[in-house]
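*Asks:* File follows, coords28.pdb with PDB, C-alpha atoms and all ligand atoms:
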ATOM      1  CA  MET D   2      68.150 120.989 115.311
ATOM      2  CA  THR D   3      66.222 118.017 116.681
ATOM      3  CA  GLY D   4      67.058 116.644 120.102
ATOM      4  CA  PRO D   5      68.067 113.125 121.069
ATOM      5  CA  ILE D   6      65.547 110.315 120.594
ATOM      6  CA  LEU D   7      66.695 108.629 123.816
ATOM      7  CA  SER D   8      68.295 110.322 126.811
ATOM      8  CA  LEU D   9      69.432 109.172 130.198
ATOM      9  CA  ARG D  10      69.875 111.994 132.686
ATOM     10  CA  GLY D  11      71.843 111.105 135.799
ATOM     11  CA  VAL D  12      70.304 107.643 135.860
ATOM     12  CA  SER D  13      71.149 105.322 138.741
ATOM     13  CA  LYS D  14      69.831 101.855 139.392
ATOM     14  CA  SER D  15      70.541  99.791 142.476
ATOM     15  CA  PHE D  16      69.315  96.382 143.529
ATOM     16  CA  PRO D  17      68.928  94.929 147.008
ATOM     17  CA  GLN D  18      71.586  92.397 147.857
ATOM     18  CA  GLY D  19      71.276  89.443 150.201
ATOM     19  CA  GLY D  20      68.165  87.609 151.394
ATOM     20  CA  LEU D  21      65.290  88.259 153.771
ATOM     21  CA  LEU D  22      67.391  87.180 156.775
ATOM     22  CA  ASP D  23      70.037  89.792 155.936
ATOM     23  CA  ARG D  24      67.358  92.445 155.780
ATOM     24  CA  LEU D  25      65.750  91.307 159.048
ATOM     25  CA  LEU D  26      69.162  91.469 160.699
ATOM     26  CA  GLY D  27      69.704  94.958 159.341
ATOM     27  CA  ARG D  28      72.435  93.747 157.008
ATOM     28  CA  ASP D  29      70.665  95.409 154.130
ATOM     29  CA  SER D  30      72.947  96.417 151.310
ATOM     30  CA  ARG D  31      72.465  97.377 147.705
ATOM     31  CA  ILE D  32      74.446  96.813 144.562
ATOM     32  CA  VAL D  33      74.775  99.848 142.328
ATOM     33  CA  ALA D  34      74.362  98.589 138.754
ATOM     34  CA  LEU D  35      74.251 102.081 137.207
ATOM     35  CA  ASP D  36      75.692 105.174 138.821
ATOM     36  CA  ALA D  37      74.470 108.573 137.587
ATOM     37  CA  VAL D  38      74.723 107.698 133.912
ATOM     38  CA  SER D  39      73.945 110.373 131.332
ATOM     39  CA  LEU D  40      73.730 109.532 127.650
ATOM     40  CA  ASP D  41      72.145 111.091 124.581
ATOM     41  CA  VAL D  42      71.318 108.902 121.590
ATOM     42  CA  MET D  43      70.440 110.755 118.416
ATOM     43  CA  ARG D  44      67.842 109.477 115.945
ATOM     44  CA  GLY D  45      69.475 107.059 113.500
ATOM     45  CA  ASP D  46      72.545 106.486 115.690
ATOM     46  CA  VAL D  47      73.877 102.960 115.880
ATOM     47  CA  VAL D  48      75.484 102.813 119.289
ATOM     48  CA  GLY D  49      77.617  99.959 120.539
ATOM     49  CA  ILE D  50      77.636  99.465 124.295
ATOM     50  CA  VAL D  51      80.643  97.531 125.533
ATOM     51  CA  GLY D  52      82.220  96.711 128.864
ATOM     52  CA  GLU D  53      83.137  93.781 131.051
ATOM     53  CA  SER D  54      80.536  91.470 132.529
ATOM     54  CA  GLY D  55      78.594  93.226 135.294
ATOM     55  CA  SER D  56      79.402  96.728 134.043
ATOM     56  CA  GLY D  57      75.711  97.612 133.757
ATOM     57  CA  LYS D  58      75.004  97.209 130.027
ATOM     58  CA  SER D  59      71.863  95.075 130.399
ATOM     59  CA  THR D  60      70.624  97.228 133.262
ATOM     60  CA  LEU D  61      70.909 100.271 130.999
ATOM     61  CA  ALA D  62      69.055  98.364 128.251
ATOM     62  CA  GLY D  63      66.288  97.320 130.646
ATOM     63  CA  LEU D  64      65.761 100.934 131.729
ATOM     64  CA  ALA D  65      65.760 102.206 128.145
ATOM     65  CA  VAL D  66      63.149  99.679 127.064
ATOM     66  CA  GLY D  67      60.992 100.374 130.104
ATOM     67  CA  LEU D  68      61.337  96.951 131.745
ATOM     68  CA  ALA D  69      62.594  98.646 134.901
ATOM     69  CA  ARG D  70      62.454 102.103 136.451
ATOM     70  CA  PRO D  71      65.529 104.021 137.561
ATOM     71  CA  THR D  72      66.252 104.375 141.273
ATOM     72  CA  SER D  73      67.018 108.011 140.498
ATOM     73  CA  GLY D  74      67.445 110.164 137.430
ATOM     74  CA  GLU D  75      65.330 110.294 134.330
ATOM     75  CA  VAL D  76      64.940 108.377 131.074
ATOM     76  CA  LEU D  77      63.471 110.410 128.206
ATOM     77  CA  LEU D  78      62.114 109.369 124.832
ATOM     78  CA  ASP D  79      62.067 112.211 122.345
ATOM     79  CA  GLY D  80      62.159 114.666 125.253
ATOM     80  CA  GLN D  81      59.265 113.086 127.174
ATOM     81  CA  SER D  82      60.022 111.411 130.458
ATOM     82  CA  MET D  83      59.387 107.721 130.872
ATOM     83  CA  ALA D  84      57.486 108.388 134.090
ATOM     84  CA  GLU D  85      55.159 110.723 132.176
ATOM     85  CA  LEU D  86      54.701 108.419 129.174
ATOM     86  CA  MET D  87      54.044 105.400 131.385
ATOM     87  CA  ARG D  88      51.817 107.114 133.910
ATOM     88  CA  ASP D  89      48.585 105.855 132.398
ATOM     89  CA  HIS D  90      49.735 103.129 130.137
ATOM     90  CA  ALA D  91      53.102 101.615 129.218
ATOM     91  CA  GLY D  92      51.940 101.022 125.624
ATOM     92  CA  PRO D  93      53.358 104.069 123.840
ATOM     93  CA  TRP D  94      56.846 103.567 125.280
ATOM     94  CA  ARG D  95      56.785  99.801 124.725
ATOM     95  CA  ARG D  96      55.749 100.295 121.136
ATOM     96  CA  ARG D  97      58.433 102.841 120.339
ATOM     97  CA  VAL D  98      61.339 101.056 122.024
ATOM     98  CA  GLN D  99      61.746  97.354 121.347
ATOM     99  CA  MET D 100      64.310  94.802 122.407
ATOM    100  CA  VAL D 101      65.933  91.753 120.873
ATOM    101  CA  PHE D 102      67.464  89.310 123.333
ATOM    102  CA  GLN D 103      70.528  87.110 123.265
ATOM    103  CA  ASP D 104      68.464  83.965 122.976
ATOM    104  CA  SER D 105      65.196  84.528 121.184
ATOM    105  CA  SER D 106      63.958  81.033 122.053
ATOM    106  CA  SER D 107      63.409  82.123 125.642
ATOM    107  CA  ALA D 108      61.358  85.072 124.380
ATOM    108  CA  LEU D 109      59.208  82.934 122.043
ATOM    109  CA  ASN D 110      56.347  80.768 123.268
ATOM    110  CA  PRO D 111      57.303  77.157 122.380
ATOM    111  CA  ARG D 112      53.649  76.260 121.700
ATOM    112  CA  LYS D 113      52.923  79.129 119.322
ATOM    113  CA  SER D 114      53.754  79.129 115.618
ATOM    114  CA  VAL D 115      55.798  81.942 114.140
ATOM    115  CA  ALA D 116      52.708  83.319 112.356
ATOM    116  CA  ARG D 117      50.646  83.273 115.547
ATOM    117  CA  CYS D 118      53.397  84.951 117.546
ATOM    118  CA  LEU D 119      53.827  87.713 114.943
ATOM    119  CA  GLY D 120      50.038  88.011 114.530
ATOM    120  CA  GLU D 121      49.605  88.592 118.264
ATOM    121  CA  THR D 122      52.254  91.312 118.218
ATOM    122  CA  LEU D 123      50.541  92.989 115.260
ATOM    123  CA  ALA D 124      47.229  92.783 117.145
ATOM    124  CA  LEU D 125      48.882  94.587 120.077
ATOM    125  CA  ARG D 126      49.816  97.341 117.643
ATOM    126  CA  GLY D 127      46.181  97.500 116.571
ATOM    127  CA  VAL D 128      46.617  96.054 113.075
ATOM    128  CA  PRO D 129      43.182  94.818 111.880
ATOM    129  CA  LYS D 130      42.866  91.015 111.529
ATOM    130  CA  ALA D 131      42.348  91.237 107.762
ATOM    131  CA  GLN D 132      45.742  92.916 107.299
ATOM    132  CA  ARG D 133      47.757  90.690 109.591
ATOM    133  CA  ASP D 134      48.597  87.852 107.159
ATOM    134  CA  SER D 135      50.061  90.239 104.603
ATOM    135  CA  GLU D 136      52.037  92.072 107.297
ATOM    136  CA  ILE D 137      53.366  88.745 108.615
ATOM    137  CA  ALA D 138      54.559  87.878 105.100
ATOM    138  CA  GLU D 139      56.200  91.317 104.787
ATOM    139  CA  LEU D 140      57.927  90.959 108.159
ATOM    140  CA  LEU D 141      59.268  87.519 107.221
ATOM    141  CA  THR D 142      60.588  88.921 103.930
ATOM    142  CA  LEU D 143      62.101  91.852 105.782
ATOM    143  CA  VAL D 144      64.196  89.540 107.961
ATOM    144  CA  GLY D 145      65.133  87.348 104.995
ATOM    145  CA  LEU D 146      62.770  84.428 105.647
ATOM    146  CA  GLY D 147      60.125  82.837 103.437
ATOM    147  CA  PRO D 148      56.404  82.246 104.075
ATOM    148  CA  GLU D 149      57.047  78.536 104.783
ATOM    149  CA  ILE D 150      58.406  79.612 108.180
ATOM    150  CA  GLY D 151      54.987  80.937 109.299
ATOM    151  CA  PRO D 152      53.445  77.650 110.491
ATOM    152  CA  ARG D 153      56.600  76.465 112.265
ATOM    153  CA  LEU D 154      57.056  76.244 116.017
ATOM    154  CA  PRO D 155      60.197  77.774 117.597
ATOM    155  CA  HIS D 156      61.878  74.359 118.058
ATOM    156  CA  GLU D 157      61.511  73.747 114.307
ATOM    157  CA  LEU D 158      63.747  76.735 113.549
ATOM    158  CA  SER D 159      67.519  77.072 113.496
ATOM    159  CA  GLY D 160      69.202  79.440 115.957
ATOM    160  CA  GLY D 161      69.692  82.042 113.216
ATOM    161  CA  GLN D 162      66.055  81.754 112.125
ATOM    162  CA  ARG D 163      64.898  82.166 115.728
ATOM    163  CA  GLN D 164      66.984  85.349 116.071
ATOM    164  CA  ARG D 165      65.405  86.659 112.865
ATOM    165  CA  ILE D 166      61.932  85.911 114.246
ATOM    166  CA  GLY D 167      62.873  87.725 117.461
ATOM    167  CA  LEU D 168      63.876  90.653 115.298
ATOM    168  CA  ALA D 169      60.699  90.412 113.169
ATOM    169  CA  ARG D 170      58.601  90.441 116.314
ATOM    170  CA  ALA D 171      60.361  93.552 117.588
ATOM    171  CA  LEU D 172      59.929  95.228 114.178
ATOM    172  CA  ALA D 173      56.231  94.299 114.112
ATOM    173  CA  MET D 174      55.726  97.109 116.636
ATOM    174  CA  LYS D 175      57.302  99.620 114.215
ATOM    175  CA  PRO D 176      59.756 100.806 116.866
ATOM    176  CA  GLU D 177      61.865 103.916 116.604
ATOM    177  CA  VAL D 178      64.537 102.514 118.897
ATOM    178  CA  LEU D 179      65.741  98.933 118.848
ATOM    179  CA  ILE D 180      67.878  97.550 121.654
ATOM    180  CA  ALA D 181      69.781  94.394 120.866
ATOM    181  CA  ASP D 182      71.338  92.762 123.944
ATOM    182  CA  GLU D 183      74.064  90.368 122.767
ATOM    183  CA  PRO D 184      71.822  89.332 119.842
ATOM    184  CA  VAL D 185      74.389  87.125 118.128
ATOM    185  CA  SER D 186      76.559  85.772 120.924
ATOM    186  CA  ALA D 187      74.648  82.460 120.977
ATOM    187  CA  LEU D 188      75.165  81.956 117.221
ATOM    188  CA  ASP D 189      78.073  80.490 115.296
ATOM    189  CA  VAL D 190      80.300  82.864 113.354
ATOM    190  CA  SER D 191      78.597  82.576 109.944
ATOM    191  CA  LEU D 192      75.142  83.086 111.468
ATOM    192  CA  GLN D 193      76.523  86.034 113.447
ATOM    193  CA  ALA D 194      77.589  87.650 110.190
ATOM    194  CA  GLN D 195      74.138  87.089 108.663
ATOM    195  CA  VAL D 196      72.310  88.637 111.613
ATOM    196  CA  ILE D 197      74.766  91.568 111.782
ATOM    197  CA  ASN D 198      74.271  92.126 108.043
ATOM    198  CA  LEU D 199      70.552  92.118 108.593
ATOM    199  CA  LEU D 200      70.732  94.578 111.498
ATOM    200  CA  SER D 201      72.960  96.830 109.444
ATOM    201  CA  ARG D 202      70.550  96.786 106.490
ATOM    202  CA  LEU D 203      67.458  97.313 108.638
ATOM    203  CA  THR D 204      68.884 100.245 110.569
ATOM    204  CA  ARG D 205      69.741 101.927 107.263
ATOM    205  CA  GLU D 206      66.484 101.169 105.489
ATOM    206  CA  LEU D 207      64.088 101.756 108.362
ATOM    207  CA  GLY D 208      66.002 104.678 109.866
ATOM    208  CA  LEU D 209      66.067 102.789 113.166
ATOM    209  CA  THR D 210      68.084 103.927 116.147
ATOM    210  CA  LEU D 211      69.988 100.921 117.463
ATOM    211  CA  LEU D 212      71.662 100.207 120.800
ATOM    212  CA  PHE D 213      73.839  97.171 120.247
ATOM    213  CA  ILE D 214      75.182  95.561 123.400
ATOM    214  CA  SER D 215      78.123  93.286 122.785
ATOM    215  CA  HIS D 216      81.361  91.919 124.150
ATOM    216  CA  ASP D 217      82.702  91.664 120.605
ATOM    217  CA  LEU D 218      84.602  94.830 119.673
ATOM    218  CA  ALA D 219      85.065  93.687 116.068
ATOM    219  CA  LEU D 220      81.293  93.366 115.614
ATOM    220  CA  VAL D 221      80.755  96.761 117.239
ATOM    221  CA  ARG D 222      83.318  98.264 114.888
ATOM    222  CA  THR D 223      81.549  96.694 111.910
ATOM    223  CA  LEU D 224      78.065  97.808 112.813
ATOM    224  CA  CYS D 225      78.179 100.908 114.975
ATOM    225  CA  SER D 226      78.771 104.586 114.381
ATOM    226  CA  ARG D 227      79.199 105.391 118.074
ATOM    227  CA  ILE D 228      80.496 103.473 121.047
ATOM    228  CA  VAL D 229      79.884 103.715 124.773
ATOM    229  CA  VAL D 230      82.379 102.016 127.088
ATOM    230  CA  MET D 231      81.033 101.055 130.510
ATOM    231  CA  ARG D 232      82.741  99.949 133.665
ATOM    232  CA  LYS D 233      81.249  99.366 137.109
ATOM    233  CA  GLY D 234      78.036 101.195 136.318
ATOM    234  CA  VAL D 235      79.559 104.304 134.766
ATOM    235  CA  ILE D 236      80.397 105.396 131.223
ATOM    236  CA  VAL D 237      84.175 105.764 131.094
ATOM    237  CA  GLU D 238      84.433 106.779 127.442
ATOM    238  CA  GLU D 239      82.164 107.455 124.481
ATOM    239  CA  GLY D 240      82.494 108.832 120.996
ATOM    240  CA  SER D 241      82.778 107.890 117.361
ATOM    241  CA  CYS D 242      83.352 104.158 117.142
ATOM    242  CA  LEU D 243      86.431 104.390 114.959
ATOM    243  CA  ASP D 244      87.983 107.218 117.036
ATOM    244  CA  VAL D 245      87.529 105.374 120.307
ATOM    245  CA  LEU D 246      88.677 102.000 118.994
ATOM    246  CA  ASP D 247      91.658 103.454 117.124
ATOM    247  CA  ARG D 248      92.634 106.055 119.713
ATOM    248  CA  PRO D 249      91.224 104.974 123.091
ATOM    249  CA  GLN D 250      91.772 107.645 125.753
ATOM    250  CA  HIS D 251      90.692 105.857 128.907
ATOM    251  CA  PRO D 252      93.016 103.199 130.350
ATOM    252  CA  TYR D 253      90.063 100.820 130.718
ATOM    253  CA  THR D 254      89.179 101.110 127.011
ATOM    254  CA  GLN D 255      92.850 100.573 126.193
ATOM    255  CA  ALA D 256      92.842  97.431 128.361
ATOM    256  CA  LEU D 257      89.633  96.145 126.736
ATOM    257  CA  ILE D 258      91.155  96.562 123.284
ATOM    258  CA  ALA D 259      94.450  95.038 124.396
ATOM    259  CA  ALA D 260      92.573  91.976 125.688
ATOM    260  CA  VAL D 261      91.219  91.196 122.209
ATOM    261  CA  PRO D 262      93.445  88.826 120.195
ATOM    262  CA  LYS D 263      95.874  90.965 118.209
ATOM    263  CA  GLY D 264      94.317  92.885 115.348
ATOM    264  CA  LEU D 265      90.765  91.613 115.895
ATOM    265  CA  ALA D 266      89.276  94.746 117.461
ATOM    266  CA  GLY D 267      90.948  96.787 114.769
ATOM    267  CA  ARG D 268      89.478  94.986 111.827
ATOM    268  CA  ARG D 269      86.082  95.187 110.334
ATOM    269  CA  THR D 270      84.496  91.762 110.472
ATOM    270  CA  PRO D 271      84.365  90.545 106.875
ATOM    271  CA  LEU D 272      80.665  90.071 106.401
ATOM    272  CA  PRO D 273      79.805  87.713 103.581
ATOM    273  CA  VAL D 274      78.045  89.436 100.720
ATOM    274  CA  ARG D 275      74.798  87.585 100.439
ATOM    275  CA  ALA D 276      71.643  88.117  98.502
ATOM    276  CA  GLU D 277      69.257  89.413 101.134
ATOM    277  CA  ALA D 278      65.598  89.094 100.266
ATOM    278  CA  ALA D 279      64.484  92.194  98.374
ATOM    279  CA  ALA D 280      63.646  94.662 101.080
ATOM    280  CA  PRO D 281      61.209  97.546 101.078
ATOM    281  CA  GLU D 282      62.768 100.978 101.200
ATOM    282  CA  THR D 283      61.038 102.638 104.107
ATOM    283  CA  ARG D 284      59.013 101.954 107.196
ATOM    284  CA  GLU D 285      55.886 103.070 105.342
ATOM    285  CA  ASP D 286      56.600 100.673 102.461
ATOM    286  CA  ILE D 287      56.688  97.859 104.972
ATOM    287  CA  HIS D 288      53.689  98.635 107.068
ATOM    288  CA  GLY D 289      51.749 101.120 104.992
ATOM    289  CA  ALA D 290      51.480 104.769 105.973
ATOM    290  CA  ALA D 291      50.777 105.091 109.698
TER
HETATM  291  N1  LIG D 301      67.787  92.019 139.167
HETATM  292  C1  LIG D 301      68.964  92.160 139.752
HETATM  293  N2  LIG D 301      69.125  91.950 141.073
HETATM  294  C2  LIG D 301      70.309  92.108 141.698
HETATM  295  N3  LIG D 301      71.444  92.493 141.053
HETATM  296  C3  LIG D 301      71.355  92.708 139.743
HETATM  297  C4  LIG D 301      70.141  92.550 139.017
HETATM  298  N4  LIG D 301      70.365  92.856 137.710
HETATM  299  C5  LIG D 301      71.678  93.177 137.625
HETATM  300  N5  LIG D 301      72.269  93.089 138.830
HETATM  301  C6  LIG D 301      73.674  93.381 139.143
HETATM  302  O1  LIG D 301      73.977  94.649 138.558
HETATM  303  C7  LIG D 301      75.279  94.639 137.977
HETATM  304  C8  LIG D 301      75.194  94.989 136.505
HETATM  305  O2  LIG D 301      74.552  93.905 135.840
HETATM  306  P1  LIG D 301      74.237  93.924 134.276
HETATM  307  O3  LIG D 301      73.501  92.667 133.970
HETATM  308  O4  LIG D 301      73.613  95.195 133.916
HETATM  309  O5  LIG D 301      75.719  93.868 133.668
HETATM  310  P2  LIG D 301      76.177  93.562 132.182
HETATM  311  O6  LIG D 301      77.230  94.553 131.853
HETATM  312  O7  LIG D 301      74.995  93.502 131.276
HETATM  313  O8  LIG D 301      76.828  92.115 132.335
HETATM  314  P3  LIG D 301      76.904  90.931 131.245
HETATM  315  O9  LIG D 301      77.843  91.406 130.174
HETATM  316  O10 LIG D 301      77.476  89.784 132.052
HETATM  317  O11 LIG D 301      75.523  90.651 130.742
HETATM  318  C9  LIG D 301      75.859  93.254 138.244
HETATM  319  O12 LIG D 301      76.654  93.319 139.388
HETATM  320  C10 LIG D 301      74.639  92.402 138.492
HETATM  321  O13 LIG D 301      74.950  91.333 139.343
END
Using structure tokens, write down the structure that the file contains.
Ligand SMILES: Nc1ncnc2c1ncn2[C@@H]1O[C@H](COP(=O)(O)OP(=O)(O)OP(=O)(O)O)[C@@H](O)[C@H]1O

*Replies:*
Amino acid sequence: MTGPILSLRGVSKSFPQGGLLDRLLGRDSRIVALDAVSLDVMRGDVVGIVGESGSGKSTLAGLAVGLARPTSGEVLLDGQSMAELMRDHAGPWRRRVQMVFQDSSSALNPRKSVARCLGETLALRGVPKAQRDSEIAELLTLVGLGPEIGPRLPHELSGGQRQRIGLARALAMKPEVLIADEPVSALDVSLQAQVINLLSRLTRELGLTLLFISHDLALVRTLCSRIVVMRKGVIVEEGSCLDVLDRPQHPYTQALIAAVPKGLAGRRTPLPVRAEAAAPETREDIHGAA
């Protein structure tokens, strides 16, 4: 049996609180964003991470993607510790774990066209210049966009198109794990459904492991196979998404579900059936054999 693709072992993360004056006066204190969190994510899992604001979801995401180091504990990718993988060079970790943000426009350079932005990401992955244009076209197709989008600047795209480009850029690295931090909360409901449809299709077709951070329990129910419920830096409940949402054991999960307008957390969001652009079947079909 293969082990988890991503593991957190007793991971804590704290941040200093207060300013320089507080520290000079010895009023140094720290806020504990994550408190001894352990979590195993199996390859191909689609895991929803939910919890109130400030519960530590984004901190967990930042540690998993390698943007920050834990204060204590260990983050492992396929059994190898982050500290080990990043000792010489952060590249291997960064390539294998990618992130999509709530608002892709802040992650895209306003002066760079879509094609240039994707081309630079492909260059980081070591794709030869001669192959980049065809890979850019494939990536655009993969996220349901046409080649006419290539020359456009971020401000010439709709919010939904920008999220798709954010996703295409993450996929350009051929990641094994994708972390999506509130990827649709800035979009209107119909665009949310399109992006969720896309994520659902891509995780299936590319065999991606997805961590989907959201406040929207109905979206989590639609997309995810597992769910992790966080509160105040700890995991209070985890398990199969349907089990936890239908039969929550922890009072906090019960309260979260009760706070959702009646019936909403219990339904699957009706995603419009739409003709997605014909998608390749496997990672290799998309990018050629590695
Ligand atoms: N860089 C930082 N410096 C200081 N405190 C931080 C920092 N990042 C996060 N925190 C604190 O850590 C706690 C957890 O924050 P985090 O952003 O992980 O929560 P969250 O569950 O993602 O919240 P939200 O749903 O609002 O995005 C919060 O109290 C937050 O204020």

*Asks:* Please identify every polymer residue within 9 Å of ligand LIG 301 (chain D), using all atoms listed in the file, and present the set as a ChimeraX atom specification.

*Replies:* /D:14-19,31-35,51-63,182-183,214-216,231-234

*Asks:* Counting all atoms listed in the file, what is within 10 Å of segment 147-158 of chain D, bar same-chain residues fewer than 3 positions away, as a VMD selection string?

*Replies:* chain D and resid 105 to 107 109 to 119 134 137 to 144 161 to 164 166 278

*Asks:* For this file, the PyMOL selection byres (((chain D and resi 74-86) around 10) and not hetatm) selects which residues, as a ChimeraX atom specification?

*Replies:* /D:3-14,36-44,64-67,70-73,87-95,97-98,177-178

*Asks:* Applied to this file, what does the PyMOL selection byres (((chain D and resi 209) around 6) and not hetatm) return in terms of residues, put as a list in words?

*Replies:*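 Applied to this file, the PyMOL selection byres (((chain D and resi 209) around 6) and not hetatm) returns Gly45, Glu177, Val178, Thr204, Leu207, Gly208 and Thr210 of chain D.
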
*Asks:* Can you tell me, as an mmCIF file with C-alpha atoms, keeping the file's coordinate frame, what residues are no more than 12 Å from Glu238 of chain D when counting all atoms listed in the file, ignoring any on the same chain fewer than 2 positions away?

*Replies:*
data_model
loop_
_atom_site.group_PDB
_atom_site.id
_atom_site.type_symbol
_atom_site.label_atom_id
_atom_site.label_comp_id
_atom_site.auth_asym_id
_atom_site.auth_seq_id
_atom_site.Cartn_x
_atom_site.Cartn_y
_atom_site.Cartn_z
ATOM 1 C CA VAL D 38 74.723 107.698 133.912
ATOM 2 C CA SER D 39 73.945 110.373 131.332
ATOM 3 C CA LEU D 40 73.730 109.532 127.650
ATOM 4 C CA GLY D 49 77.617 99.959 120.539
ATOM 5 C CA ILE D 50 77.636 99.465 124.295
ATOM 6 C CA VAL D 51 80.643 97.531 125.533
ATOM 7 C CA GLY D 52 82.220 96.711 128.864
ATOM 8 C CA ARG D 227 79.199 105.391 118.074
ATOM 9 C CA ILE D 228 80.496 103.473 121.047
ATOM 10 C CA VAL D 229 79.884 103.715 124.773
ATOM 11 C CA VAL D 230 82.379 102.016 127.088
ATOM 12 C CA MET D 231 81.033 101.055 130.510
ATOM 13 C CA ARG D 232 82.741 99.949 133.665
ATOM 14 C CA VAL D 235 79.559 104.304 134.766
ATOM 15 C CA ILE D 236 80.397 105.396 131.223
ATOM 16 C CA GLY D 240 82.494 108.832 120.996
ATOM 17 C CA SER D 241 82.778 107.890 117.361
ATOM 18 C CA CYS D 242 83.352 104.158 117.142
ATOM 19 C CA ASP D 244 87.983 107.218 117.036
ATOM 20 C CA VAL D 245 87.529 105.374 120.307
ATOM 21 C CA LEU D 246 88.677 102.000 118.994
ATOM 22 C CA ARG D 248 92.634 106.055 119.713
ATOM 23 C CA PRO D 249 91.224 104.974 123.091
ATOM 24 C CA GLN D 250 91.772 107.645 125.753
ATOM 25 C CA HIS D 251 90.692 105.857 128.907
ATOM 26 C CA PRO D 252 93.016 103.199 130.350
ATOM 27 C CA TYR D 253 90.063 100.820 130.718
ATOM 28 C CA THR D 254 89.179 101.110 127.011
ATOM 29 C CA GLN D 255 92.850 100.573 126.193
ATOM 30 C CA LEU D 257 89.633 96.145 126.736
#

*Asks:* Would you mind telling me which residue in D:Met174, D:Leu26, D:Ser226, D:Ala187 lies nearest to Val128 of chain D when using all atoms listed in the file?

*Replies:* D:Met174
